[in-house]
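The next block is coords-v9.pdb, given as PDB, C-alpha atoms and all ligand atoms.
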ATOM      1  CA  MET A   1      87.894 -10.897 -71.544  1.00  0.00           C
ATOM      2  CA  GLY A   2      91.162 -12.520 -70.432  1.00  0.00           C
ATOM      3  CA  ALA A   3      91.992 -13.798 -66.971  1.00  0.00           C
ATOM      4  CA  LYS A   4      93.510 -10.436 -66.071  1.00  0.00           C
ATOM      5  CA  GLY A   5      90.273  -8.701 -67.064  1.00  0.00           C
ATOM      6  CA  TYR A   6      88.296 -10.750 -64.539  1.00  0.00           C
ATOM      7  CA  GLY A   7      90.367  -9.203 -61.740  1.00  0.00           C
ATOM      8  CA  ARG A   8      88.019  -6.226 -61.875  1.00  0.00           C
ATOM      9  CA  VAL A   9      84.969  -8.429 -61.755  1.00  0.00           C
ATOM     10  CA  ARG A  10      83.155  -8.972 -58.468  1.00  0.00           C
ATOM     11  CA  VAL A  11      81.784 -12.476 -57.957  1.00  0.00           C
ATOM     12  CA  HIS A  12      78.746 -12.884 -55.699  1.00  0.00           C
ATOM     13  CA  LEU A  13      78.105 -16.363 -54.306  1.00  0.00           C
ATOM     14  CA  GLY A  14      74.636 -17.574 -53.369  1.00  0.00           C
ATOM     15  CA  ARG A  15      71.719 -19.717 -54.423  1.00  0.00           C
ATOM     16  CA  VAL A  16      71.371 -18.209 -57.900  1.00  0.00           C
ATOM     17  CA  ILE A  17      67.870 -18.498 -59.314  1.00  0.00           C
ATOM     18  CA  THR A  18      67.443 -17.282 -62.860  1.00  0.00           C
ATOM     19  CA  PRO A  19      64.536 -17.426 -65.318  1.00  0.00           C
ATOM     20  CA  LEU A  20      64.799 -19.366 -68.559  1.00  0.00           C
ATOM     21  CA  ALA A  21      63.265 -18.479 -71.923  1.00  0.00           C
ATOM     22  CA  SER A  22      60.904 -21.452 -71.498  1.00  0.00           C
ATOM     23  CA  GLY A  23      59.276 -19.748 -68.517  1.00  0.00           C
ATOM     24  CA  GLU A  24      60.892 -22.158 -66.058  1.00  0.00           C
ATOM     25  CA  TRP A  25      63.599 -21.333 -63.513  1.00  0.00           C
ATOM     26  CA  GLN A  26      67.102 -22.660 -63.108  1.00  0.00           C
ATOM     27  CA  GLU A  27      68.904 -22.800 -59.791  1.00  0.00           C
ATOM     28  CA  PHE A  28      72.654 -22.955 -59.240  1.00  0.00           C
ATOM     29  CA  SER A  29      73.570 -23.867 -55.676  1.00  0.00           C
ATOM     30  CA  PRO A  30      76.156 -22.929 -54.838  1.00  0.00           C
ATOM     31  CA  GLY A  31      75.995 -20.492 -57.693  1.00  0.00           C
ATOM     32  CA  PHE A  32      77.745 -17.313 -58.689  1.00  0.00           C
ATOM     33  CA  LEU A  33      76.916 -14.035 -60.354  1.00  0.00           C
ATOM     34  CA  ALA A  34      79.919 -12.224 -61.849  1.00  0.00           C
ATOM     35  CA  VAL A  35      79.441  -8.470 -62.184  1.00  0.00           C
ATOM     36  CA  GLY A  36      81.740  -6.170 -64.132  1.00  0.00           C
ATOM     37  CA  GLU A  37      82.896  -2.704 -63.098  1.00  0.00           C
ATOM     38  CA  ASP A  38      80.075  -1.165 -65.098  1.00  0.00           C
ATOM     39  CA  GLY A  39      77.481  -3.099 -63.066  1.00  0.00           C
ATOM     40  CA  ARG A  40      76.608  -5.470 -65.881  1.00  0.00           C
ATOM     41  CA  VAL A  41      76.381  -9.216 -65.354  1.00  0.00           C
ATOM     42  CA  VAL A  42      79.356 -10.923 -66.981  1.00  0.00           C
ATOM     43  CA  SER A  43      78.388 -14.497 -66.197  1.00  0.00           C
ATOM     44  CA  CYS A  44      76.432 -16.721 -63.836  1.00  0.00           C
ATOM     45  CA  GLY A  45      76.273 -20.429 -63.154  1.00  0.00           C
ATOM     46  CA  GLU A  46      77.409 -23.191 -60.837  1.00  0.00           C
ATOM     47  CA  TRP A  47      80.276 -22.212 -58.512  1.00  0.00           C
ATOM     48  CA  ASP A  48      82.365 -25.208 -59.528  1.00  0.00           C
ATOM     49  CA  GLY A  49      86.076 -25.774 -60.212  1.00  0.00           C
ATOM     50  CA  SER A  50      85.822 -24.283 -63.684  1.00  0.00           C
ATOM     51  CA  ALA A  51      84.191 -21.064 -62.442  1.00  0.00           C
ATOM     52  CA  LYS A  52      86.627 -20.798 -59.521  1.00  0.00           C
ATOM     53  CA  GLY A  53      89.556 -21.049 -61.968  1.00  0.00           C
ATOM     54  CA  ARG A  54      88.005 -18.586 -64.388  1.00  0.00           C
ATOM     55  CA  PHE A  55      87.424 -15.969 -61.682  1.00  0.00           C
ATOM     56  CA  SER A  56      90.476 -16.704 -59.499  1.00  0.00           C
ATOM     57  CA  GLN A  57      91.564 -13.054 -59.696  1.00  0.00           C
ATOM     58  CA  ALA A  58      88.126 -11.622 -58.938  1.00  0.00           C
ATOM     59  CA  LYS A  59      86.938 -10.296 -55.593  1.00  0.00           C
ATOM     60  CA  VAL A  60      84.499 -12.860 -54.187  1.00  0.00           C
ATOM     61  CA  VAL A  61      81.622 -11.849 -51.908  1.00  0.00           C
ATOM     62  CA  ASP A  62      79.935 -14.780 -50.166  1.00  0.00           C
ATOM     63  CA  HIS A  63      76.171 -14.327 -49.662  1.00  0.00           C
ATOM     64  CA  LEU A  64      75.445 -18.029 -49.089  1.00  0.00           C
ATOM     65  CA  PRO A  65      72.894 -19.319 -48.144  1.00  0.00           C
ATOM     66  CA  CYS A  66      71.004 -16.266 -49.460  1.00  0.00           C
ATOM     67  CA  VAL A  67      69.208 -16.272 -52.805  1.00  0.00           C
ATOM     68  CA  ILE A  68      70.405 -14.142 -55.710  1.00  0.00           C
ATOM     69  CA  SER A  69      67.717 -13.498 -58.327  1.00  0.00           C
ATOM     70  CA  PRO A  70      66.864 -10.897 -60.947  1.00  0.00           C
ATOM     71  CA  GLY A  71      65.041  -7.856 -59.602  1.00  0.00           C
ATOM     72  CA  PHE A  72      61.272  -8.065 -59.261  1.00  0.00           C
ATOM     73  CA  VAL A  73      58.927  -6.023 -61.435  1.00  0.00           C
ATOM     74  CA  ASP A  74      55.828  -4.494 -59.840  1.00  0.00           C
ATOM     75  CA  ALA A  75      53.449  -3.670 -62.679  1.00  0.00           C
ATOM     76  CA  HIS A  76      50.954  -1.683 -60.570  1.00  0.00           C
ATOM     77  CA  ILE A  77      51.675   0.085 -57.299  1.00  0.00           C
ATOM     78  CA  HIS A  78      50.269   3.239 -55.655  1.00  0.00           C
ATOM     79  CA  LEU A  79      52.806   5.576 -54.079  1.00  0.00           C
ATOM     80  CA  PRO A  80      50.384   7.562 -51.843  1.00  0.00           C
ATOM     81  CA  GLN A  81      49.154   4.298 -50.293  1.00  0.00           C
ATOM     82  CA  LEU A  82      52.530   3.369 -48.779  1.00  0.00           C
ATOM     83  CA  ASP A  83      51.328   3.844 -45.197  1.00  0.00           C
ATOM     84  CA  ALA A  84      47.929   2.266 -45.868  1.00  0.00           C
ATOM     85  CA  ARG A  85      49.386  -1.209 -46.334  1.00  0.00           C
ATOM     86  CA  GLY A  86      47.971  -3.951 -44.167  1.00  0.00           C
ATOM     87  CA  MET A  87      44.722  -2.131 -43.471  1.00  0.00           C
ATOM     88  CA  ALA A  88      42.532  -5.111 -44.222  1.00  0.00           C
ATOM     89  CA  GLY A  89      39.245  -6.416 -42.912  1.00  0.00           C
ATOM     90  CA  TYR A  90      36.892  -3.881 -44.458  1.00  0.00           C
ATOM     91  CA  ARG A  91      34.524  -3.903 -47.422  1.00  0.00           C
ATOM     92  CA  LEU A  92      35.973  -2.123 -50.458  1.00  0.00           C
ATOM     93  CA  LEU A  93      34.092   1.173 -50.117  1.00  0.00           C
ATOM     94  CA  GLU A  94      34.676   1.376 -46.377  1.00  0.00           C
ATOM     95  CA  TRP A  95      38.396   0.613 -46.893  1.00  0.00           C
ATOM     96  CA  LEU A  96      38.667   3.282 -49.585  1.00  0.00           C
ATOM     97  CA  GLU A  97      36.911   5.912 -47.474  1.00  0.00           C
ATOM     98  CA  ARG A  98      38.739   5.057 -44.268  1.00  0.00           C
ATOM     99  CA  TYR A  99      42.306   4.670 -45.580  1.00  0.00           C
ATOM    100  CA  ILE A 100      42.890   5.119 -49.290  1.00  0.00           C
ATOM    101  CA  TYR A 101      41.102   8.379 -50.074  1.00  0.00           C
ATOM    102  CA  PRO A 102      42.681  10.165 -47.076  1.00  0.00           C
ATOM    103  CA  ALA A 103      46.114   8.835 -48.070  1.00  0.00           C
ATOM    104  CA  GLU A 104      45.625  10.047 -51.644  1.00  0.00           C
ATOM    105  CA  MET A 105      44.296  13.458 -50.541  1.00  0.00           C
ATOM    106  CA  ALA A 106      47.255  13.924 -48.165  1.00  0.00           C
ATOM    107  CA  PHE A 107      49.439  14.212 -51.277  1.00  0.00           C
ATOM    108  CA  GLU A 108      48.146  17.744 -51.678  1.00  0.00           C
ATOM    109  CA  ASP A 109      51.061  18.432 -49.324  1.00  0.00           C
ATOM    110  CA  THR A 110      54.069  18.281 -51.662  1.00  0.00           C
ATOM    111  CA  THR A 111      56.554  17.971 -48.778  1.00  0.00           C
ATOM    112  CA  LEU A 112      54.722  14.857 -47.615  1.00  0.00           C
ATOM    113  CA  ALA A 113      54.683  13.565 -51.210  1.00  0.00           C
ATOM    114  CA  ARG A 114      58.445  14.079 -51.601  1.00  0.00           C
ATOM    115  CA  CYS A 115      59.278  12.385 -48.274  1.00  0.00           C
ATOM    116  CA  THR A 116      56.917   9.503 -48.970  1.00  0.00           C
ATOM    117  CA  ALA A 117      58.475   9.020 -52.431  1.00  0.00           C
ATOM    118  CA  ARG A 118      61.944   8.650 -50.898  1.00  0.00           C
ATOM    119  CA  ARG A 119      60.731   6.092 -48.340  1.00  0.00           C
ATOM    120  CA  PHE A 120      58.753   4.339 -51.069  1.00  0.00           C
ATOM    121  CA  LEU A 121      61.848   3.896 -53.272  1.00  0.00           C
ATOM    122  CA  ARG A 122      63.884   2.567 -50.355  1.00  0.00           C
ATOM    123  CA  GLU A 123      61.162   0.041 -49.580  1.00  0.00           C
ATOM    124  CA  LEU A 124      60.940  -1.074 -53.201  1.00  0.00           C
ATOM    125  CA  VAL A 125      64.656  -1.764 -53.403  1.00  0.00           C
ATOM    126  CA  ALA A 126      64.731  -3.368 -49.936  1.00  0.00           C
ATOM    127  CA  ASN A 127      62.116  -5.808 -51.185  1.00  0.00           C
ATOM    128  CA  GLY A 128      63.959  -6.600 -54.406  1.00  0.00           C
ATOM    129  CA  VAL A 129      61.783  -4.504 -56.715  1.00  0.00           C
ATOM    130  CA  THR A 130      63.959  -2.864 -59.347  1.00  0.00           C
ATOM    131  CA  THR A 131      61.258  -1.876 -61.842  1.00  0.00           C
ATOM    132  CA  ALA A 132      57.748  -0.587 -61.177  1.00  0.00           C
ATOM    133  CA  ALA A 133      54.817   1.222 -62.764  1.00  0.00           C
ATOM    134  CA  ILE A 134      54.086   3.710 -60.010  1.00  0.00           C
ATOM    135  CA  TYR A 135      50.822   5.616 -59.647  1.00  0.00           C
ATOM    136  CA  SER A 136      50.703   8.904 -57.771  1.00  0.00           C
ATOM    137  CA  SER A 137      47.687  10.955 -56.674  1.00  0.00           C
ATOM    138  CA  VAL A 138      45.608  13.385 -58.738  1.00  0.00           C
ATOM    139  CA  HIS A 139      47.860  16.240 -57.596  1.00  0.00           C
ATOM    140  CA  CYS A 140      50.096  17.416 -60.430  1.00  0.00           C
ATOM    141  CA  GLU A 141      52.711  18.976 -58.150  1.00  0.00           C
ATOM    142  CA  ALA A 142      52.878  15.886 -55.930  1.00  0.00           C
ATOM    143  CA  THR A 143      53.391  13.728 -59.003  1.00  0.00           C
ATOM    144  CA  GLN A 144      56.213  15.980 -60.178  1.00  0.00           C
ATOM    145  CA  VAL A 145      58.046  15.949 -56.833  1.00  0.00           C
ATOM    146  CA  SER A 146      57.455  12.206 -56.556  1.00  0.00           C
ATOM    147  CA  THR A 147      59.329  11.638 -59.789  1.00  0.00           C
ATOM    148  CA  VAL A 148      62.635  11.840 -57.988  1.00  0.00           C
ATOM    149  CA  LYS A 149      65.863  10.520 -59.369  1.00  0.00           C
ATOM    150  CA  PRO A 150      66.355   6.989 -58.088  1.00  0.00           C
ATOM    151  CA  PRO A 151      68.932   7.025 -55.295  1.00  0.00           C
ATOM    152  CA  ARG A 152      72.590   6.109 -55.856  1.00  0.00           C
ATOM    153  CA  TRP A 153      72.131   2.705 -54.259  1.00  0.00           C
ATOM    154  CA  SER A 154      69.315   1.841 -56.667  1.00  0.00           C
ATOM    155  CA  LEU A 155      70.110  -1.126 -58.872  1.00  0.00           C
ATOM    156  CA  ARG A 156      68.477   0.512 -61.871  1.00  0.00           C
ATOM    157  CA  ARG A 157      69.631   4.064 -61.348  1.00  0.00           C
ATOM    158  CA  ARG A 158      70.393   4.419 -65.024  1.00  0.00           C
ATOM    159  CA  GLN A 159      66.795   3.723 -65.926  1.00  0.00           C
ATOM    160  CA  PRO A 160      64.153   6.401 -65.742  1.00  0.00           C
ATOM    161  CA  LEU A 161      61.543   6.115 -63.042  1.00  0.00           C
ATOM    162  CA  VAL A 162      58.064   6.373 -64.489  1.00  0.00           C
ATOM    163  CA  THR A 163      55.261   7.789 -62.403  1.00  0.00           C
ATOM    164  CA  GLY A 164      51.828   8.938 -63.437  1.00  0.00           C
ATOM    165  CA  ARG A 165      48.543  10.000 -61.966  1.00  0.00           C
TER     166      ARG A 165
HETATM  167 ZN    ZN B 201      45.520   0.337 -58.581  1.00  0.00          ZN
END
Translate the structure described by the file into structure tokens.
Amino acid sequence: MGAKGYGRVRVHLGRVITPLASGEWQEFSPGFLAVGEDGRVVSCGEWDGSAKGRFSQAKVVDHLPCVISPGFVDAHIHLPQLDARGMAGYRLLEWLERYIYPAEMAFEDTTLARCTARRFLRELVANGVTTAAIYSSVHCEATQVSTVKPPRWSLRRRQPLVTGR
């Protein structure tokens, strides 16, 4: 891509933290993340003289001192339990009977399931989660309506959302 091509790139500045193949992390501060028109990462690294020259035509968005990192992956999360978060201080069975089972059974109401799924997705993205294995309730219809298309603002809107029960 020539210098002219980078004019369509958007450069985000921040404390860029990125994983390495070794399992360690690398931080660039101040760092940059260059994103192409198609939403793909073009480059990242230290926001030094070389990078500034390379992306001199690009639109720069300054997020400093915020951190820029890859999206988080939640490998196990229960959609019907969204409003049961923070209900701690009970023994397991008491906690299940008091909060979790009622939350799961409430998904018999498909309207509630659909609304909760929308709020759930917003909360995932707001917390930096871009990929998740999401568990629904035993209700087939609730699971179907919960498998909504990720919203337009979702970072991974091109990826399918996988839910199960
Ligand atoms: Zn679980």
Looking at A:Val42, A:Ala103, A:Ala133, A:Val35, which one is nearest to ligand ZN 201 (chain B), with distances taken over all atoms listed in the file?
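Looking only at the distances to ligand ZN 201 (chain B), the closest residue turns out to be A:Ala133.
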Taking all atoms listed in the file into account, report as a VMD selection string which residues have an atom no farther than 9 Å from an atom of ligand ZN 201 (chain B).
chain A and resid 76 to 78 135
Computed interatomic separation between atom CA of Gly39 of chain A and atom CA of Glu24 of chain A (Å):
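Calculated distance between atom CA of Gly39 of chain A and atom CA of Glu24 of chain A is 25.4 Å.
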If you count all atoms listed in the file, the residue of A:Glu94, A:Asp74, A:Glu37, A:Glu104 closest to Gly128 of chain A turns out to be A:Asp74
Using only C-alpha atoms, the shortest atom-to-atom distance to Trp25 of chain A among A:Leu64, A:Ala113, A:Glu141, A:Ser69 belongs to A:Ser69
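Applied to the file shown here, the PyMOL selection byres (((chain A and resi 114-123) around 7) and not hetatm) selects the residues Leu79, Leu82, Thr110, Thr111, Leu112, Ala113, Leu124, Val125, Ala126, Asn127, Val145 and Ser146 of chain A.
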Test item: the PyMOL selection byres (((chain A and resi 9) around 9) and not hetatm) resolved as number ranges by chain
A: 5-8, 10-11, 34-37, 42, 55, 57-60
Those same residues, written as a PDB file, in the frame of the given file with C-alpha atoms?
ATOM      1  CA  GLY A   5      90.273  -8.701 -67.064  1.00  0.00           C
ATOM      2  CA  TYR A   6      88.296 -10.750 -64.539  1.00  0.00           C
ATOM      3  CA  GLY A   7      90.367  -9.203 -61.740  1.00  0.00           C
ATOM      4  CA  ARG A   8      88.019  -6.226 -61.875  1.00  0.00           C
ATOM      5  CA  ARG A  10      83.155  -8.972 -58.468  1.00  0.00           C
ATOM      6  CA  VAL A  11      81.784 -12.476 -57.957  1.00  0.00           C
ATOM      7  CA  ALA A  34      79.919 -12.224 -61.849  1.00  0.00           C
ATOM      8  CA  VAL A  35      79.441  -8.470 -62.184  1.00  0.00           C
ATOM      9  CA  GLY A  36      81.740  -6.170 -64.132  1.00  0.00           C
ATOM     10  CA  GLU A  37      82.896  -2.704 -63.098  1.00  0.00           C
ATOM     11  CA  VAL A  42      79.356 -10.923 -66.981  1.00  0.00           C
ATOM     12  CA  PHE A  55      87.424 -15.969 -61.682  1.00  0.00           C
ATOM     13  CA  GLN A  57      91.564 -13.054 -59.696  1.00  0.00           C
ATOM     14  CA  ALA A  58      88.126 -11.622 -58.938  1.00  0.00           C
ATOM     15  CA  LYS A  59      86.938 -10.296 -55.593  1.00  0.00           C
ATOM     16  CA  VAL A  60      84.499 -12.860 -54.187  1.00  0.00           C
TER      17      VAL A  60
END
TODO: Evaluate the PyMOL selection byres (((chain A and resi 131) around 8) and not hetatm) here and jot the selected residues down as a PyMOL selection string.
DONE: chain A and resi 71-74+129-130+132-133+156
Would you compute the distance between atom CA of Lys52 of chain A and atom CA of Leu13 of chain A? Give it in Å to one decimal.
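Distance reported for this atom pair: 10.9 Å.
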Which residues are near His139 of chain A? Cut-off 9 Å, all atoms listed in the file, ignore same chain within fewer than 4 positions. Put them as a ChimeraX atom specification.
/A:104-105,107-108,110,143-144,165
Any idea what the distance is between atom CA of His63 of chain A and atom CA of Leu20 of chain A?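 Separation of atom CA of His63 of chain A and atom CA of Leu20 of chain A: 22.6 Å.
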Using all atoms listed in the file, can you list as a compact mmCIF listing (two decimals) with C-alpha atoms, in the coordinates of the input the residues within 12 Å of (41.0, -0.2, -42.9)?
# COMPACT_ATOMS: atom_id res chain seq x y z
CA GLN A 81 49.15 4.30 -50.29
CA ASP A 83 51.33 3.84 -45.20
CA ALA A 84 47.93 2.27 -45.87
CA ARG A 85 49.39 -1.21 -46.33
CA GLY A 86 47.97 -3.95 -44.17
CA MET A 87 44.72 -2.13 -43.47
CA ALA A 88 42.53 -5.11 -44.22
CA GLY A 89 39.24 -6.42 -42.91
CA TYR A 90 36.89 -3.88 -44.46
CA ARG A 91 34.52 -3.90 -47.42
CA LEU A 92 35.97 -2.12 -50.46
CA LEU A 93 34.09 1.17 -50.12
CA GLU A 94 34.68 1.38 -46.38
CA TRP A 95 38.40 0.61 -46.89
CA LEU A 96 38.67 3.28 -49.58
CA GLU A 97 36.91 5.91 -47.47
CA ARG A 98 38.74 5.06 -44.27
CA TYR A 99 42.31 4.67 -45.58
CA ILE A 100 42.89 5.12 -49.29
CA TYR A 101 41.10 8.38 -50.07
CA PRO A 102 42.68 10.16 -47.08
CA ALA A 103 46.11 8.84 -48.07
Enclosing box along x, y and z for every listed atom of segment 133-136 of chain A, padded 8 Å each side, centre and size in Å, one decimal, as JSON:
{"center_x": 52.8, "center_y": 5.1, "center_z": -60.3, "size_x": 20.1, "size_y": 23.7, "size_z": 21.0}
**Report entry** Polymer residues at most 6 Å from (72.7, -15.8, -56.2) by only C-alpha atoms, as a PyMOL selection string
**Finding:** chain A and resi 13-16+31-32+67-69
One residue among A:Pro70, A:Pro80, A:Gly49, A:Ala75 is nearest to Pro19 of chain A when using all atoms listed in the file, and that residue is A:Pro70
